[in-house]
Structures are given as structure tokens and as C-alpha cells.
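**Student:** Input: one structure, supplied below.
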Amino acid sequence: MLSKELVAASTVPLVLSVLTEGENYGYALIQRVRELSGGKIEWTEGMLYPVLHWMEREQLIESDWRKADTGRKRKYYRLRKEGRKALQEEKTQWLTVHETMTKIWKTKLSLT
């Protein structure tokens with residue numbers, strides 16, 4: 001399992017990334033991230049929904065309520081143009097961190 005801090009820091013870019021696959025509802029986002037991470041990233045509804053609401057207020061995503069096949073109403077989220085732009089910025093930042101850590105770890109490994 002990842003630390004709470006790392007999970008929290010990666011939530012927005014992960015949601016934006018998953019929504020590039022198409023619109024989805026909250027529980028399905030939780031399941032998709034669990035699947036993509038091989039079970040290493042475990043979100044709860046109580047953690048995800050405040051982030052989704054914040055992302056809506058920031059106009060990164062938009063949503064609407066629809067009836068599912070089961071008859072239950074679900075809120076479906078989709079990316080806005082602003083969300084796609086934010087995702088590009090997030091990718092740049094995460095790749096910078098990844099590349100920096102990789103360089104540090106390769107240097108350290110070669111010295112030991």
C-alpha cells in the first residue's frame with residue numbers, strides 16, 4: 001500500500017487520467033484505479049467524493065445524474081477542456097519528479 005500522502009497527492013491526476021478513457025461514476029473510478037494499480041491504490045468513497053466536488057468547483061470536470069440499468073441514479077463525471085489542460089500540467093510535474101528520483105536512485109545504486 002502507498003502512504004496516505006502519496007495517495008492524496010496522486011488523486012487529481014489519476015482521476016483526470018481515468019476520465020480520458022471516457023465518462024464514469026465515482027465507484028467505477030475507485031474500481032478502475034484499484035485495477036490499474038494492481039490493488040496498491042485503495043480509495044474510499046469518503047476520500048474520493050470531496051476531491052470530485054472540488055474538481056467540479058475548479059471546472060476541471062462536470063457531471064450529471066443518470067439512471068443506471070439497475071434503476072439507481074448515478075452521478076457521471078467527464079473531463080472539461082480545463083481538465084485536459086490541467087492533466088497536461090500534472091503529467092509534466094509527475095514526470096519531472098519521476099525522472100529526478102530515477103536519476104538519484106540509479107546514482108545511489110551504482111555507488112553501493
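Chain labels A, B, ... are given in the sequence in which chains occur in the C-alpha cells; within each chain residues are numbered consecutively from 1, and ligands are likewise numbered from 1 in the order shown.
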Can you tell me which residues surround stretch 82-97 of chain A at a distance of at most 12 Å, considering only C-alpha atoms, apart from same-chain residues fewer than 3 positions away, and format the answer as number ranges by chain?

**Tutor:** A: 6, 9-21, 52, 55-62, 77-79, 100-104

**Student:** In Å, with one decimal, what is the gap from atom CA of A:Glu45 to atom CA of A:Gly26?

**Tutor:**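 These two atoms are separated by 7.5 Å.
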
**Student:** As an exercise, work out the distance from atom CA of A:Leu36 to atom CA of A:Lys67 in Å and give it to one decimal place.

**Tutor:**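 Those two atoms sit 26.6 Å apart.
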
**Student:** When you look at A:Lys75 with a cut-off of 10 Å (counting only C-alpha atoms), what residues show up, excluding the ones that are within fewer than 4 positions of it in the same chain? I need them as a ChimeraX atom specification.

**Tutor:** /A:24-27,62-68

**Student:** Take atom CA of A:Glu23 and atom CA of A:Lys81 and report the distance between them in Å, one decimal.

**Tutor:** 13.5 Å

**Student:** If you run DSSP on this backbone, which residues of stretch 48-78 of chain A come out as strand (DSSP E or B), and could you give them as number ranges by chain?

**Tutor:** A: 61-67, 73-78

**Student:** Output C-alpha atoms for every residue in the selection just made, as a PDB file, in the first residue's frame.

**Tutor:**
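Saved to again.pdb:
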ATOM      1  CA  ILE A  61     -14.744  18.108 -14.643  1.00  0.00           C
ATOM      2  CA  GLU A  62     -18.515  18.268 -14.999  1.00  0.00           C
ATOM      3  CA  SER A  63     -21.231  15.824 -14.066  1.00  0.00           C
ATOM      4  CA  ASP A  64     -24.856  14.861 -14.433  1.00  0.00           C
ATOM      5  CA  TRP A  65     -27.181  12.421 -12.727  1.00  0.00           C
ATOM      6  CA  ARG A  66     -28.475   9.440 -14.725  1.00  0.00           C
ATOM      7  CA  LYS A  67     -30.402   6.312 -14.039  1.00  0.00           C
ATOM      8  CA  LYS A  73     -29.267   7.075 -10.006  1.00  0.00           C
ATOM      9  CA  ARG A  74     -25.553   7.653 -10.523  1.00  0.00           C
ATOM     10  CA  LYS A  75     -23.559  10.808 -10.980  1.00  0.00           C
ATOM     11  CA  TYR A  76     -21.384  10.540 -14.089  1.00  0.00           C
ATOM     12  CA  TYR A  77     -18.234  12.654 -14.359  1.00  0.00           C
ATOM     13  CA  ARG A  78     -16.453  13.753 -17.519  1.00  0.00           C
TER      14      ARG A  78
END

**Student:** Which is closest to A:Ile41 among A:Arg72, A:His98, A:Glu5, A:Gly22, if we use only C-alpha atoms?

**Tutor:** A:Glu5

**Student:** Looking at only C-alpha atoms, which of A:Glu35, A:Glu99, A:Lys106, A:Ala8 is the one that sits closest to A:Val51?

**Tutor:**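 Using only C-alpha atoms, the shortest distance to A:Val51 belongs to A:Ala8.
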
**Student:** Out of chain A, which residues get helix (DSSP H, G or I) from DSSP, as a ChimeraX atom specification?

**Tutor:** /A:4-19,26-36,45-57,81-111
